[in-house]
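Student: Next up is a structure, given as structure tokens.
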Amino acid sequence: MANGKSDQDLLYFNGINGATGDYGLPPMAGDELSSFIQGEAAPENLNELRWRHQQKDQDHFGVKAGVDPKDLGQTGWGVIFAHDADAAVKEALGPLLELRQEQAGDYFRIYEGGDGYRPGESKSKFLARHGAGPGPADPEKVPYYLMIVGSPEAIPYLFQFQVDVQYAVGRIHFDRPEDYAAYASSVVAAETGGVKLPRQVGFFGVANSDDNATTVSADYLVEPLFDTLKSKKSDWQVDAYLREDATKAQLARLLGGDKTPAFLFTASHGMEFPMDDERQIPHQGALLCGDWPGPVEWR
């Protein structure tokens with residue numbers, strides 16, 4: 001119990017602090033979270049968020065009616081650079097951009113220079129500059145699939161979150177152009193037959209002792225997904241590594257080892273480190289496996 005709430009009522013944020021071994025933020029109840037949020041200004045895209053909420057019970061893919069969300073030739077694909085992005089980054093991504101242009105055809109877009117993201121620009125202003133507005137994404141104006149390229153300093157997360165209400169958005173950011181080149185070549189290889197993996201799916205669900213967050217995710221997220229996919233994909237081998245089987249050694253076998261599947265789904269705590277910790281850069285976001293004895297025994 002905490003503040004009169006059972007563990008089932010608590011929300012968990014930010015994973016585990018690798019320097020202390022404790023939760024990144026103390027588990028809190030929904031009303032506590034609400035108290036943090038109250039008093040903040042309403043988000044600029046409040047109406048869009050309400051519209052998205054109203055669509056929750058409908059089959060909806062974010063793109064306008066009549067467009068197949070699985071076909072880039074219909075949905076389009078675009079990349080958003082900061083207005084002053086390094087030209088070497090675009091050059092490094094060349095093979096991937098060429099592939100996406102071939103796939104998306106007339107609905108392929110590159111937003112760069114004056115057309116790219118401008119400092120302090122909101123989602124609505126960016127879209128308005130390119131002829132798009134609220135509502136379902138219209139590939140005739142802006143592609144449905146968008147890849148943001150750059151750091152959160154160059155293109156803020158707030159912009160990404162706002163765009164993601166309406167579009168399917170991802171982001172990549174690396175330190176060097178050669179890292180972008182490695183990413184581009186690996187994606188192209190995977191999509192064009194350069195990399196061949198067996199028709200296998202892996203589900204990795206951690207459930208640490210005395211930790212309600214991972215117990216719930218294993219019981220109500222990972223296992224139901226595994227059961228559903230296993231019953232529907234008879235031509236695929238679908239395996240689950242849950243609870244006591246979700247160890248660091250097992251994860252190593254699934255990530256490049258002898259058990260590497262074509263698709264891997266994981267659910268666990270992530271690791272965070274303080275800004276002045278030497279492990280912050282190399283290990284921030286690492287997956288915490290079942291080897292962790294939980295918030296009680298670790299002490």
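We name chains A, B, ... following the order of the structure tokens; residues begin at 1 in each chain, and ligands are numbered from 1 as shown.
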Which of range 52-225 of chain A counts as helix (DSSP H, G or I) under DSSP, as an NGL selection string please?

Tutor: :A and (52-54 or 72-75 or 87-92 or 94-107 or 113-115 or 123-129 or 157-164 or 177-191 or 212-225)

Student: Show me, as JSON lines, the residues of range 184-242 of chain A having an atom within 8 Å of range 90-95 of chain A, each with the closest atom pair and its distance in Å, using only C-alpha atoms.

Tutor:
```
{"residue": "A:Ala184", "atom": "CA", "partner": "A:Leu93", "partner_atom": "CA", "distance": 5.5}
{"residue": "A:Ser185", "atom": "CA", "partner": "A:Pro95", "partner_atom": "CA", "distance": 6.7}
{"residue": "A:Val188", "atom": "CA", "partner": "A:Pro95", "partner_atom": "CA", "distance": 7.1}
```

Student: Which is closest to His83 in chain A among A:Ala19, A:Leu264, A:Ile155, A:Ala132, if we use only C-alpha atoms?

Tutor: A:Ile155

Student: Could you give me, as CSV, a per-residue list for range 123-214 of chain A showing, wherever an atom lies at most 12 Å from an atom of range 270-282 of chain A, the closest pair of atoms and their distance in Å to one decimal, using only C-alpha atoms and sorting by chain then residue number from low to high?

Tutor:
```
residue,atom,partner,partner_atom,distance
A:Asp175,CA,A:Ile281,CA,11.7
A:Val206,CA,A:Gly270,CA,11.2
A:Ala213,CA,A:Gly270,CA,11.8
A:Thr214,CA,A:Gly270,CA,10.9
```
